[in-house]
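Trainee: Input file: model.cif. Contents: mmCIF, C-alpha atoms.
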data_entry
loop_
_atom_site.label_atom_id
_atom_site.label_comp_id
_atom_site.auth_asym_id
_atom_site.auth_seq_id
_atom_site.Cartn_x
_atom_site.Cartn_y
_atom_site.Cartn_z
CA MET A 1 2.58 -77.30 -40.39
CA ASP A 2 0.32 -74.33 -39.60
CA HIS A 3 1.85 -71.38 -41.42
CA GLY A 4 0.04 -68.86 -39.21
CA ASP A 5 1.51 -70.42 -36.06
CA VAL A 6 4.97 -70.46 -37.61
CA ALA A 7 4.67 -66.80 -38.61
CA TRP A 8 3.67 -65.83 -35.07
CA MET A 9 6.50 -67.85 -33.53
CA LEU A 10 9.11 -66.25 -35.78
CA THR A 11 7.67 -62.78 -35.19
CA SER A 12 7.66 -63.41 -31.44
CA SER A 13 11.27 -64.59 -31.62
CA ALA A 14 12.30 -61.32 -33.26
CA LEU A 15 10.35 -59.38 -30.62
CA VAL A 16 12.15 -61.19 -27.81
CA LEU A 17 15.54 -60.58 -29.44
CA ILE A 18 14.96 -56.80 -29.49
CA MET A 19 14.52 -56.97 -25.72
CA THR A 20 18.27 -57.52 -25.22
CA PRO A 21 19.30 -54.23 -26.90
CA GLY A 22 16.39 -52.71 -24.97
CA LEU A 23 17.85 -54.04 -21.73
CA ALA A 24 21.25 -52.67 -22.78
CA PHE A 25 19.85 -49.15 -23.16
CA PHE A 26 17.83 -49.47 -19.95
CA TYR A 27 20.90 -50.48 -17.95
CA GLY A 28 23.24 -48.21 -19.89
CA GLY A 29 21.26 -45.09 -19.09
CA LEU A 30 21.30 -45.87 -15.37
CA VAL A 31 25.08 -46.13 -14.90
CA LYS A 32 27.79 -43.46 -14.86
CA ARG A 33 28.74 -42.13 -18.28
CA LYS A 34 32.23 -43.65 -18.00
CA ASN A 35 30.71 -47.15 -17.81
CA ILE A 36 27.97 -47.10 -20.45
CA ILE A 37 29.96 -48.91 -23.17
CA ASN A 38 30.83 -51.74 -20.80
CA THR A 39 27.27 -51.95 -19.51
CA ILE A 40 25.73 -52.07 -22.99
CA LEU A 41 28.31 -54.56 -24.28
CA SER A 42 27.67 -56.79 -21.27
CA SER A 43 24.17 -57.37 -22.68
CA VAL A 44 25.08 -57.27 -26.37
CA ILE A 45 27.78 -59.95 -26.00
CA LEU A 46 25.04 -62.41 -25.02
CA MET A 47 23.41 -62.01 -28.43
CA GLY A 48 26.48 -63.71 -29.86
CA LEU A 49 27.56 -65.94 -27.00
CA GLY A 50 24.06 -67.08 -26.06
CA SER A 51 23.17 -67.88 -29.67
CA VAL A 52 26.25 -70.03 -30.28
CA LEU A 53 25.92 -71.87 -26.96
CA TRP A 54 22.25 -72.55 -27.67
CA VAL A 55 22.94 -74.05 -31.09
CA LEU A 56 25.86 -76.14 -29.83
CA ILE A 57 24.46 -77.57 -26.58
CA GLY A 58 21.81 -75.35 -24.99
CA PHE A 59 18.73 -76.52 -26.87
CA SER A 60 19.77 -80.16 -26.52
CA LEU A 61 20.40 -79.90 -22.77
CA SER A 62 17.09 -78.10 -22.31
CA PHE A 63 14.72 -80.08 -24.52
CA SER A 64 16.11 -83.40 -25.77
CA GLY A 65 15.47 -86.43 -23.59
CA ASP A 66 15.54 -86.41 -19.80
CA VAL A 67 18.32 -87.19 -17.35
CA GLY A 68 16.91 -87.63 -13.86
CA GLY A 69 14.36 -84.84 -14.33
CA ILE A 70 17.21 -82.33 -14.11
CA VAL A 71 18.55 -81.82 -17.61
CA GLY A 72 18.22 -83.08 -21.17
CA ASN A 73 20.75 -85.19 -23.05
CA LEU A 74 23.11 -84.42 -25.93
CA LYS A 75 21.02 -85.98 -28.69
CA TRP A 76 20.53 -82.64 -30.45
CA VAL A 77 24.05 -81.19 -30.15
CA GLY A 78 24.52 -78.69 -32.94
CA LEU A 79 20.76 -78.90 -33.68
CA ASN A 80 21.36 -82.36 -35.08
CA PHE A 81 17.86 -83.12 -36.35
CA ASP A 82 15.94 -82.60 -39.58
CA THR A 83 15.47 -78.85 -39.25
CA MET A 84 13.04 -78.74 -42.17
CA LYS A 85 10.61 -81.46 -41.10
CA ASP A 86 11.21 -82.49 -37.50
CA MET A 87 8.03 -82.40 -35.40
CA THR A 88 9.43 -84.14 -32.30
CA LEU A 89 8.16 -81.34 -30.10
CA PRO A 90 4.44 -80.51 -30.38
CA TYR A 91 4.81 -77.04 -31.80
CA PRO A 92 4.74 -75.56 -35.33
CA ASN A 93 8.03 -77.40 -35.82
CA THR A 94 11.00 -78.21 -33.62
CA LEU A 95 13.32 -75.61 -35.13
CA SER A 96 10.81 -72.77 -34.76
CA PHE A 97 10.54 -73.66 -31.08
CA ALA A 98 14.33 -73.77 -30.79
CA ILE A 99 14.58 -70.28 -32.32
CA PHE A 100 11.99 -68.88 -29.93
CA GLN A 101 13.61 -70.42 -26.86
CA MET A 102 17.06 -69.24 -27.96
CA MET A 103 15.99 -65.64 -27.43
CA PHE A 104 15.13 -66.43 -23.78
CA ALA A 105 18.55 -68.04 -23.32
CA ILE A 106 20.14 -64.81 -24.61
CA ILE A 107 18.41 -62.28 -22.39
CA THR A 108 18.32 -64.22 -19.11
CA PRO A 109 22.05 -64.07 -18.25
CA ALA A 110 22.11 -60.49 -19.57
CA LEU A 111 19.68 -59.54 -16.80
CA ILE A 112 22.31 -60.48 -14.19
CA THR A 113 24.80 -57.93 -15.49
CA GLY A 114 22.89 -54.98 -14.04
CA ALA A 115 23.67 -56.08 -10.48
CA ILE A 116 27.44 -56.06 -10.96
CA ALA A 117 27.67 -52.99 -13.18
CA GLU A 118 30.77 -50.80 -13.01
CA ARG A 119 33.15 -53.26 -11.33
CA MET A 120 33.52 -56.71 -12.99
CA LYS A 121 36.16 -57.72 -15.53
CA PHE A 122 34.62 -58.24 -18.94
CA SER A 123 36.56 -61.46 -19.51
CA SER A 124 35.29 -62.78 -16.17
CA LEU A 125 31.74 -61.86 -17.12
CA VAL A 126 31.96 -63.80 -20.39
CA ILE A 127 33.20 -66.92 -18.59
CA PHE A 128 30.68 -66.54 -15.78
CA THR A 129 27.66 -66.17 -18.09
CA THR A 130 28.80 -69.14 -20.17
CA LEU A 131 29.06 -71.37 -17.10
CA TRP A 132 25.87 -69.98 -15.57
CA SER A 133 23.90 -70.78 -18.71
CA ILE A 134 25.11 -74.38 -18.61
CA ILE A 135 24.79 -74.91 -14.85
CA VAL A 136 21.62 -72.92 -14.09
CA TYR A 137 19.63 -71.85 -17.14
CA TYR A 138 19.55 -74.99 -19.29
CA PRO A 139 18.62 -77.28 -16.37
CA LEU A 140 15.86 -74.90 -15.22
CA ALA A 141 14.47 -74.61 -18.74
CA HIS A 142 14.37 -78.41 -18.86
CA MET A 143 12.80 -78.74 -15.42
CA VAL A 144 9.99 -76.29 -16.22
CA TRP A 145 9.38 -76.56 -19.97
CA GLY A 146 11.19 -79.74 -20.99
CA GLY A 147 9.23 -82.22 -18.90
CA GLY A 148 11.61 -82.24 -15.93
CA LEU A 149 11.26 -81.98 -12.16
CA LEU A 150 9.17 -78.82 -11.77
CA PHE A 151 6.87 -79.81 -14.64
CA LYS A 152 6.25 -83.18 -12.95
CA LEU A 153 5.68 -81.40 -9.66
CA GLY A 154 2.71 -79.62 -11.24
CA ALA A 155 4.08 -76.08 -10.97
CA ILE A 156 3.37 -73.74 -13.88
CA ASP A 157 5.43 -70.98 -15.45
CA PHE A 158 3.95 -69.59 -18.66
CA ALA A 159 6.88 -67.52 -19.92
CA GLY A 160 9.73 -67.56 -17.42
CA GLY A 161 9.00 -66.46 -13.86
CA ASN A 162 11.24 -69.18 -12.46
CA VAL A 163 13.39 -69.87 -15.50
CA VAL A 164 14.18 -66.25 -16.36
CA HIS A 165 13.44 -63.79 -13.59
CA ILE A 166 13.85 -65.59 -10.27
CA SER A 167 16.95 -67.42 -11.49
CA SER A 168 18.64 -64.27 -12.80
CA GLY A 169 17.48 -62.09 -9.91
CA VAL A 170 18.72 -64.44 -7.19
CA SER A 171 21.98 -65.09 -9.05
CA ALA A 172 22.45 -61.32 -9.45
CA LEU A 173 22.16 -60.83 -5.69
CA VAL A 174 24.60 -63.64 -4.91
CA LEU A 175 27.11 -62.41 -7.49
CA ALA A 176 26.86 -58.79 -6.28
CA ILE A 177 27.58 -59.90 -2.71
CA LEU A 178 30.52 -62.08 -3.79
CA LEU A 179 31.94 -59.29 -5.95
CA GLY A 180 31.63 -56.62 -3.27
CA LYS A 181 30.51 -53.01 -3.36
CA ARG A 182 31.62 -50.34 -5.77
CA LYS A 183 34.35 -48.11 -4.32
CA HIS A 184 32.38 -44.92 -3.90
CA ILE A 185 28.92 -46.32 -3.26
CA ALA A 186 27.02 -44.37 -0.58
CA LYS A 187 29.88 -41.83 -0.45
CA ALA A 188 28.60 -39.58 -3.22
CA THR A 189 25.24 -38.77 -4.77
CA TYR A 190 24.44 -41.17 -7.58
CA HIS A 191 22.29 -40.22 -10.57
CA PRO A 192 21.52 -42.03 -13.85
CA HIS A 193 23.58 -40.34 -16.53
CA ASN A 194 21.05 -40.62 -19.41
CA VAL A 195 17.38 -40.84 -18.45
CA PRO A 196 16.11 -40.79 -22.08
CA PHE A 197 18.11 -44.00 -22.67
CA VAL A 198 16.33 -45.54 -19.68
CA ILE A 199 12.83 -44.96 -21.10
CA LEU A 200 14.02 -45.97 -24.59
CA GLY A 201 15.21 -49.28 -23.17
CA ALA A 202 12.06 -49.76 -21.09
CA SER A 203 9.89 -49.07 -24.14
CA LEU A 204 11.78 -51.65 -26.22
CA LEU A 205 11.34 -54.12 -23.38
CA TRP A 206 7.58 -53.48 -23.26
CA PHE A 207 7.35 -53.87 -27.04
CA GLY A 208 9.39 -57.07 -27.06
CA TRP A 209 7.58 -58.53 -24.07
CA PHE A 210 4.49 -59.13 -26.20
CA GLY A 211 6.57 -61.71 -28.04
CA PHE A 212 8.00 -62.96 -24.75
CA ASN A 213 4.59 -63.65 -23.20
CA ALA A 214 2.07 -63.90 -26.04
CA GLY A 215 4.60 -65.90 -28.05
CA SER A 216 4.70 -68.43 -25.22
CA ALA A 217 1.25 -69.57 -26.31
CA LEU A 218 3.31 -71.22 -29.09
CA GLY A 219 0.79 -70.41 -31.75
CA ALA A 220 -1.47 -67.72 -33.19
CA ASN A 221 -4.45 -68.55 -31.01
CA ALA A 222 -6.83 -67.30 -28.34
CA LEU A 223 -4.32 -67.95 -25.56
CA ALA A 224 -1.81 -65.65 -27.28
CA ILE A 225 -4.43 -62.90 -27.40
CA HIS A 226 -5.18 -63.39 -23.71
CA ALA A 227 -1.49 -63.30 -22.74
CA PHE A 228 -0.97 -60.18 -24.83
CA MET A 229 -3.70 -58.37 -22.89
CA THR A 230 -2.65 -59.52 -19.42
CA THR A 231 0.91 -58.44 -20.24
CA ASN A 232 -0.07 -54.91 -21.19
CA THR A 233 -2.51 -54.60 -18.30
CA SER A 234 0.02 -55.55 -15.65
CA ALA A 235 2.69 -53.24 -17.07
CA ALA A 236 0.28 -50.31 -17.15
CA ALA A 237 -0.99 -50.92 -13.60
CA ALA A 238 2.53 -51.29 -12.21
CA MET A 239 3.74 -48.10 -13.85
CA LEU A 240 0.86 -46.10 -12.38
CA SER A 241 1.32 -47.75 -9.00
CA TRP A 242 5.03 -46.86 -8.92
CA LEU A 243 4.35 -43.26 -9.88
CA LEU A 244 1.74 -43.03 -7.12
CA ILE A 245 4.33 -44.26 -4.60
CA GLU A 246 6.78 -41.61 -5.82
CA LYS A 247 4.06 -38.97 -5.60
CA VAL A 248 3.66 -39.83 -1.92
CA LYS A 249 7.30 -40.50 -1.02
CA ASN A 250 9.19 -38.10 -3.30
CA ASP A 251 7.76 -34.71 -2.32
CA GLY A 252 4.99 -35.10 -4.86
CA LYS A 253 7.42 -35.51 -7.78
CA PRO A 254 7.00 -38.60 -9.96
CA THR A 255 9.98 -39.44 -12.18
CA LEU A 256 10.60 -40.90 -15.63
CA VAL A 257 13.03 -43.42 -14.17
CA GLY A 258 10.26 -44.45 -11.80
CA ALA A 259 7.77 -44.87 -14.63
CA SER A 260 10.35 -46.98 -16.52
CA THR A 261 11.05 -49.13 -13.49
CA GLY A 262 7.38 -49.63 -12.72
CA LEU A 263 6.42 -50.78 -16.20
CA VAL A 264 9.33 -53.24 -16.32
CA ILE A 265 8.48 -54.88 -13.00
CA GLY A 266 4.85 -55.09 -14.09
CA LEU A 267 6.05 -57.10 -17.08
CA VAL A 268 8.20 -59.27 -14.83
CA ALA A 269 5.35 -60.02 -12.43
CA ILE A 270 2.85 -61.12 -15.08
CA THR A 271 5.31 -63.33 -16.96
CA PRO A 272 4.64 -66.63 -15.11
CA GLY A 273 0.87 -66.16 -15.13
CA ALA A 274 0.20 -64.33 -18.40
CA GLY A 275 -1.49 -67.35 -19.98
CA TYR A 276 -3.18 -68.56 -16.79
CA VAL A 277 -4.76 -65.66 -14.90
CA PRO A 278 -7.86 -63.56 -15.69
CA ILE A 279 -7.33 -60.07 -17.04
CA TRP A 280 -8.74 -58.52 -13.88
CA ALA A 281 -6.10 -60.40 -11.89
CA ALA A 282 -3.39 -58.82 -14.06
CA LEU A 283 -4.49 -55.45 -12.69
CA ILE A 284 -3.94 -56.68 -9.15
CA ILE A 285 -0.63 -58.37 -9.97
CA GLY A 286 0.72 -55.19 -11.59
CA ALA A 287 -0.60 -52.81 -8.95
CA MET A 288 0.86 -54.91 -6.11
CA VAL A 289 4.31 -55.56 -7.55
CA SER A 290 5.38 -51.91 -7.32
CA PRO A 291 5.00 -51.48 -3.54
CA ILE A 292 6.58 -54.91 -2.98
CA CYS A 293 9.65 -54.14 -5.13
CA TYR A 294 9.85 -50.55 -3.87
CA PHE A 295 10.06 -51.87 -0.31
CA PHE A 296 12.92 -54.23 -1.16
CA ILE A 297 14.82 -51.54 -3.06
CA SER A 298 14.32 -48.68 -0.59
CA VAL A 299 14.25 -50.55 2.74
CA VAL A 300 15.70 -54.07 2.53
CA LYS A 301 18.66 -53.21 0.29
CA PRO A 302 19.93 -50.33 2.51
CA LYS A 303 19.27 -52.44 5.61
CA PHE A 304 21.57 -55.26 4.48
CA GLY A 305 23.97 -53.06 2.52
CA TYR A 306 24.50 -55.18 -0.59
CA ASP A 307 25.38 -53.36 -3.81
CA ASP A 308 22.88 -54.61 -6.38
CA ALA A 309 23.83 -51.76 -8.68
CA LEU A 310 20.72 -51.57 -10.87
CA ASP A 311 18.33 -53.44 -8.56
CA VAL A 312 18.16 -56.67 -10.52
CA PHE A 313 17.22 -58.67 -7.44
CA GLY A 314 14.79 -56.01 -6.24
CA CYS A 315 13.04 -55.91 -9.62
CA HIS A 316 13.47 -59.28 -11.35
CA GLY A 317 14.07 -61.53 -8.35
CA ILE A 318 11.33 -60.13 -6.11
CA GLY A 319 9.02 -59.31 -9.03
CA GLY A 320 9.41 -62.86 -10.32
CA ILE A 321 8.76 -64.38 -6.89
CA TRP A 322 5.60 -62.28 -6.52
CA GLY A 323 4.54 -63.31 -10.03
CA GLY A 324 5.00 -67.00 -9.23
CA ILE A 325 3.01 -66.65 -6.01
CA ALA A 326 0.30 -64.63 -7.77
CA THR A 327 0.01 -67.33 -10.44
CA GLY A 328 -0.72 -69.79 -7.64
CA LEU A 329 -3.37 -67.40 -6.35
CA PHE A 330 -5.20 -66.47 -9.55
CA ALA A 331 -4.65 -69.21 -12.18
CA LYS A 332 -7.74 -70.77 -13.77
CA THR A 333 -7.85 -74.09 -15.61
CA SER A 334 -10.62 -72.69 -17.80
CA ILE A 335 -8.09 -70.24 -19.27
CA ASN A 336 -5.32 -72.79 -19.73
CA SER A 337 -5.89 -76.50 -19.12
CA SER A 338 -2.16 -77.13 -18.65
CA ALA A 339 -2.75 -75.89 -15.09
CA ALA A 340 -3.98 -78.94 -13.16
CA TRP A 341 -5.73 -76.87 -10.50
CA ASP A 342 -7.34 -73.47 -10.03
CA GLY A 343 -5.50 -70.99 -7.83
CA LEU A 344 -5.92 -70.43 -4.10
CA VAL A 345 -8.34 -67.53 -4.61
CA PHE A 346 -10.73 -70.02 -6.21
CA GLY A 347 -10.58 -72.43 -3.27
CA ASN A 348 -7.78 -74.87 -4.13
CA ALA A 349 -4.37 -74.85 -2.42
CA ASN A 350 -2.69 -77.51 -4.57
CA LEU A 351 -1.25 -75.22 -7.22
CA PHE A 352 -0.31 -72.52 -4.71
CA LEU A 353 1.81 -74.93 -2.65
CA ARG A 354 3.51 -76.26 -5.76
CA GLN A 355 4.32 -72.74 -6.87
CA LEU A 356 6.00 -72.08 -3.53
CA ALA A 357 8.00 -75.30 -3.83
CA ALA A 358 9.10 -74.43 -7.37
CA ILE A 359 10.23 -70.98 -6.26
CA GLY A 360 12.27 -72.51 -3.43
CA ILE A 361 13.91 -75.06 -5.74
CA THR A 362 14.74 -72.33 -8.26
CA ILE A 363 16.38 -70.20 -5.56
CA VAL A 364 18.56 -73.13 -4.41
CA ILE A 365 19.66 -73.99 -7.96
CA ALA A 366 20.43 -70.36 -8.84
CA THR A 367 22.38 -69.78 -5.62
CA ALA A 368 24.47 -72.94 -5.90
CA GLY A 369 25.10 -72.48 -9.61
CA THR A 370 26.25 -68.89 -9.11
CA PHE A 371 28.82 -69.94 -6.49
CA VAL A 372 30.24 -72.55 -8.85
CA ALA A 373 30.34 -70.25 -11.89
CA TYR A 374 31.85 -67.43 -9.83
CA GLY A 375 34.57 -69.66 -8.43
CA ILE A 376 35.63 -71.01 -11.82
CA ALA A 377 35.51 -67.62 -13.54
CA SER A 378 37.54 -66.03 -10.76
CA PHE A 379 40.15 -68.80 -10.94
CA VAL A 380 40.51 -68.64 -14.72
CA THR A 381 40.80 -64.85 -14.89
CA LYS A 382 42.90 -64.51 -11.69
CA GLY A 383 40.29 -62.46 -9.89
CA ILE A 384 36.92 -61.32 -11.10
CA ARG A 385 36.94 -57.65 -10.22
CA VAL A 386 38.63 -54.78 -12.06
CA SER A 387 41.51 -53.01 -10.36
CA SER A 388 40.91 -49.97 -8.18
CA LYS A 389 42.48 -47.78 -10.84
CA GLY A 390 40.37 -49.38 -13.57
CA GLU A 391 37.21 -48.68 -11.60
CA ASP A 392 38.22 -45.03 -11.12
CA LEU A 393 38.97 -44.61 -14.83
CA GLY A 394 35.73 -46.29 -15.77
CA LEU A 395 35.27 -49.65 -17.41
CA ASP A 396 34.77 -48.13 -20.86
CA CYS A 397 38.39 -47.04 -20.78
CA SER A 398 39.98 -49.79 -18.67
CA GLN A 399 38.16 -52.74 -20.28
CA HIS A 400 37.48 -51.58 -23.84
CA ASP A 401 39.56 -48.46 -24.58
CA GLU A 402 36.40 -46.85 -25.98
CA SER A 403 34.30 -43.84 -25.03
CA ALA A 404 30.63 -43.21 -25.62
CA TYR A 405 31.06 -39.46 -25.36
CA PRO A 406 34.53 -38.50 -26.64
CA ALA A 407 35.72 -34.95 -26.23
CA PHE A 408 37.30 -33.50 -29.33
CA ASN A 409 38.43 -30.27 -30.96
CA GLY A 410 37.63 -29.39 -34.51
CA MET A 411 36.08 -31.81 -36.97
CA ASP A 412 34.77 -35.14 -35.61
#
Could you rewrite the structure in this file as structure tokens?

Mentor:
Amino acid sequence: MDHGDVAWMLTSSALVLIMTPGLAFFYGGLVKRKNIINTILSSVILMGLGSVLWVLIGFSLSFSGDVGGIVGNLKWVGLNFDTMKDMTLPYPNTLSFAIFQMMFAIITPALITGAIAERMKFSSLVIFTTLWSIIVYYPLAHMVWGGGLLFKLGAIDFAGGNVVHISSGVSALVLAILLGKRKHIAKATYHPHNVPFVILGASLLWFGWFGFNAGSALGANALAIHAFMTTNTSAAAAMLSWLLIEKVKNDGKPTLVGASTGLVIGLVAITPGAGYVPIWAALIIGAMVSPICYFFISVVKPKFGYDDALDVFGCHGIGGIWGGIATGLFAKTSINSSAAWDGLVFGNANLFLRQLAAIGITIVIATAGTFVAYGIASFVTKGIRVSSKGEDLGLDCSQHDESAYPAFNGMD
């Protein structure tokens, strides 16, 4: 066992875990003040639920054995292996890999919650994310990283373009459409209630993303260094690109919410290619993702009228799709030999076509799985949406009987 590799894997795992509270602040700052508790708890609950599910069945279904290229088996239910010595998987040790991957399984369903903010029953959300993890996330993790269908296809995904961002982004769109619009959407001016929380959350995401991407090198090595740099480069380029768009489109007034959004989508876009593309390509990937996502948020979303409350599809879905395509354009086998071909920019179409196929398969799985999870959750909880009165009161009150900003007289 290489102690340096183990130390980096455990450090990276902790970095990825802090991303979920970061996401909670990012989303929480964007909603109305009467819904911030519910929005934050919708992410925080996954730190408990996702961890327990992963230990019980998630890791086994993702990484033990292979059933038809779709999912693993139940050999490792309850992490039933020698946690001290097992080296079944070719990493520092099997348990260190399980810990690292657990953090991905926590944050991925949490990403979905931004699309349905301010209108979904909390009990329904818990059931939905449980089912979604089993139906969508664990099979995709197996297909991409566990030797399944997409791995055999020859598609590559360094840290979760398909598994994390496209799956959650597409599922968020489908769930938002099924759930319906918020009552007063487009009838009143909407503003984020706490912009400092937004940049706090975005900053925690940027910090944690170094573990997310550089940790996916699965060791303290040159590839981790490379992924660390491409990650930062793409985030920086995307933030500047978004602010430039706002400078042009927003009467010359760039915003802090815009800067936060830009850096996050830059991180999303580089995720699948962080350990495959040259650093100069990370500049292009980051600079291009902002206009692409901005177009979907400002033009496509109003055109079709769906209520993706915090633009999960526009940021994670579209940003992840662009990242997967860009990986097929710019990947180099000299950077990472696990890519069987160079990207299209270097004269080979093989990888590019496989990336497109993998994106399409991911979209189908996420869409179908969301319909199933939605239907079951709605049946169990007798409807998935809060009442009209509960929405007016705010979900903090109607779902949790708790307030983030209580009014009081006298001593607190």

Trainee: Just to confirm, what's the straight-line distance from CA of Ala309 in chain A to CA of Leu283 in chain A in Å (one decimal)?

Mentor: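 Separation between CA of Ala309 in chain A and CA of Leu283 in chain A: 28.8 Å.
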
Trainee: Once the PyMOL selection byres ((chain A and resi 133-146) around 9) has been evaluated on this model, what residues remain selected, and can you format them as a PyMOL selection string?

Mentor: chain A and resi 50+53+57-66+69-72+105+108-109+128-132+147-152+155-158+160+162-164+167-168+362+365-366+368-370+372-373

Trainee: For a quick check of understanding, using all atoms listed in the file, which of A:Thr255, A:Ser216, A:Thr233, A:Ser42 has the smallest distance to Pro196 in chain A?

Mentor: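 Smallest distance to Pro196 in chain A is found for A:Thr255.
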
Trainee: Using the chain letters and numbers from the file, which residues does the PyMOL selection byres ((chain A and resi 14) around 12) grab, as number ranges by chain?

Mentor: A: 7-13, 15-21, 96, 99-104, 204, 207-212, 215

Trainee: What residues have an atom no more than 12 Å from (22.0, -60.4, -16.1) in the file's own frame, counting all atoms listed in the file, and can you write them as an NGL selection string?

Mentor: :A and (20 or 23-24 or 27 or 39-46 or 104-117 or 125-126 or 128-130 or 132-133 or 137 or 164-176 or 308-313 or 315-317 or 370)

Trainee: Name the closest residue to His226 in chain A among the candidates A:Pro406, A:Gly323, A:Gly4, A:Gly275; distances are taken between atoms, counting only C-alpha atoms.

Mentor: A:Gly275

Trainee: Would you pick out the contacts of Leu263 in chain A at 7 Å or less, using all atoms listed in the file, so that residues sharing its chain but fewer than 3 positions from it are not included, and give the list as a PDB file with C-alpha atoms, keeping the file's coordinate frame?

Mentor:
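The result, written out as selection_17.pdb:
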ATOM      1  CA  ALA A 235       2.690 -53.240 -17.070  1.00  0.00           C
ATOM      2  CA  ALA A 236       0.280 -50.310 -17.150  1.00  0.00           C
ATOM      3  CA  ALA A 238       2.530 -51.290 -12.210  1.00  0.00           C
ATOM      4  CA  MET A 239       3.740 -48.100 -13.850  1.00  0.00           C
ATOM      5  CA  ALA A 259       7.770 -44.870 -14.630  1.00  0.00           C
ATOM      6  CA  SER A 260      10.350 -46.980 -16.520  1.00  0.00           C
ATOM      7  CA  GLY A 266       4.850 -55.090 -14.090  1.00  0.00           C
ATOM      8  CA  LEU A 267       6.050 -57.100 -17.080  1.00  0.00           C
TER       9      LEU A 267
END

Trainee: To test your reading of the syntax: which residues would the PyMOL selection byres ((chain A and resi 278-282) around 8) return for the file shown? Reply as a list in words.

Mentor: His226, Met229, Thr230, Thr231, Thr233, Ser234, Ile270, Ala274, Tyr276, Val277, Leu283, Ile284, Ile285, Gly286, Phe330, Ala331, Lys332 and Ile335 of chain A

Trainee: Include C-alpha atoms and write out the residues we just selected as a JSON list (two decimals), keeping the file's coordinate frame.

Mentor:
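This is the output file selection-v1.json:
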[["chain", "number", "residue", "atom", "x", "y", "z"],
["A", 226, "HIS", "CA", -5.18, -63.39, -23.71],
["A", 229, "MET", "CA", -3.70, -58.37, -22.89],
["A", 230, "THR", "CA", -2.65, -59.52, -19.42],
["A", 231, "THR", "CA", 0.91, -58.44, -20.24],
["A", 233, "THR", "CA", -2.51, -54.60, -18.30],
["A", 234, "SER", "CA", 0.02, -55.55, -15.65],
["A", 270, "ILE", "CA", 2.85, -61.12, -15.08],
["A", 274, "ALA", "CA", 0.20, -64.33, -18.40],
["A", 276, "TYR", "CA", -3.18, -68.56, -16.79],
["A", 277, "VAL", "CA", -4.76, -65.66, -14.90],
["A", 283, "LEU", "CA", -4.49, -55.45, -12.69],
["A", 284, "ILE", "CA", -3.94, -56.68, -9.15],
["A", 285, "ILE", "CA", -0.63, -58.37, -9.97],
["A", 286, "GLY", "CA", 0.72, -55.19, -11.59],
["A", 330, "PHE", "CA", -5.20, -66.47, -9.55],
["A", 331, "ALA", "CA", -4.65, -69.21, -12.18],
["A", 332, "LYS", "CA", -7.74, -70.77, -13.77],
["A", 335, "ILE", "CA", -8.09, -70.24, -19.27]]

Trainee: With a distance cut-off of 8 Å and all atoms listed in the file, select the neighbouring residues of Arg182 in chain A, excluding the residue or stretch itself and same-chain residues fewer than 6 positions from it, and output the selection as a VMD selection string.

Mentor: chain A and resid 118 to 119 307

Trainee: Could you tell me how far CA of Gly180 in chain A lies from CA of Lys249 in chain A, in Å and to one decimal?

Mentor: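 One can read the CA of Gly180 in chain A to CA of Lys249 in chain A distance as 29.3 Å.
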
Trainee: Atoms are missing here; could range 274-283 of chain A be completed with N, CA and C atoms and written as a PDB file, keeping the file's coordinate frame?

Mentor:
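Heads up, here's the output in selection_8.pdb:
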ATOM      1  N   ALA A 274       0.852 -65.035 -17.292  1.00  0.00           N
ATOM      2  CA  ALA A 274       0.200 -64.330 -18.400  1.00  0.00           C
ATOM      3  C   ALA A 274      -0.831 -65.178 -19.133  1.00  0.00           C
ATOM      4  N   GLY A 275      -0.564 -66.458 -19.278  1.00  0.00           N
ATOM      5  CA  GLY A 275      -1.490 -67.350 -19.980  1.00  0.00           C
ATOM      6  C   GLY A 275      -2.329 -68.195 -19.057  1.00  0.00           C
ATOM      7  N   TYR A 276      -2.421 -67.781 -17.775  1.00  0.00           N
ATOM      8  CA  TYR A 276      -3.180 -68.560 -16.790  1.00  0.00           C
ATOM      9  C   TYR A 276      -4.196 -67.735 -16.001  1.00  0.00           C
ATOM     10  N   VAL A 277      -3.934 -66.442 -15.806  1.00  0.00           N
ATOM     11  CA  VAL A 277      -4.760 -65.660 -14.900  1.00  0.00           C
ATOM     12  C   VAL A 277      -5.759 -64.795 -15.658  1.00  0.00           C
ATOM     13  N   PRO A 278      -6.907 -64.469 -15.058  1.00  0.00           N
ATOM     14  CA  PRO A 278      -7.860 -63.560 -15.690  1.00  0.00           C
ATOM     15  C   PRO A 278      -7.272 -62.167 -15.872  1.00  0.00           C
ATOM     16  N   ILE A 279      -7.844 -61.416 -16.778  1.00  0.00           N
ATOM     17  CA  ILE A 279      -7.330 -60.070 -17.040  1.00  0.00           C
ATOM     18  C   ILE A 279      -7.480 -59.175 -15.815  1.00  0.00           C
ATOM     19  N   TRP A 280      -8.578 -59.338 -15.087  1.00  0.00           N
ATOM     20  CA  TRP A 280      -8.740 -58.520 -13.880  1.00  0.00           C
ATOM     21  C   TRP A 280      -7.646 -58.818 -12.855  1.00  0.00           C
ATOM     22  N   ALA A 281      -7.179 -60.054 -12.822  1.00  0.00           N
ATOM     23  CA  ALA A 281      -6.100 -60.400 -11.890  1.00  0.00           C
ATOM     24  C   ALA A 281      -4.790 -59.734 -12.292  1.00  0.00           C
ATOM     25  N   ALA A 282      -4.598 -59.505 -13.605  1.00  0.00           N
ATOM     26  CA  ALA A 282      -3.390 -58.820 -14.060  1.00  0.00           C
ATOM     27  C   ALA A 282      -3.319 -57.407 -13.503  1.00  0.00           C
ATOM     28  N   LEU A 283      -4.459 -56.771 -13.331  1.00  0.00           N
ATOM     29  CA  LEU A 283      -4.490 -55.450 -12.690  1.00  0.00           C
ATOM     30  C   LEU A 283      -3.956 -55.509 -11.269  1.00  0.00           C
TER      31      LEU A 283
END
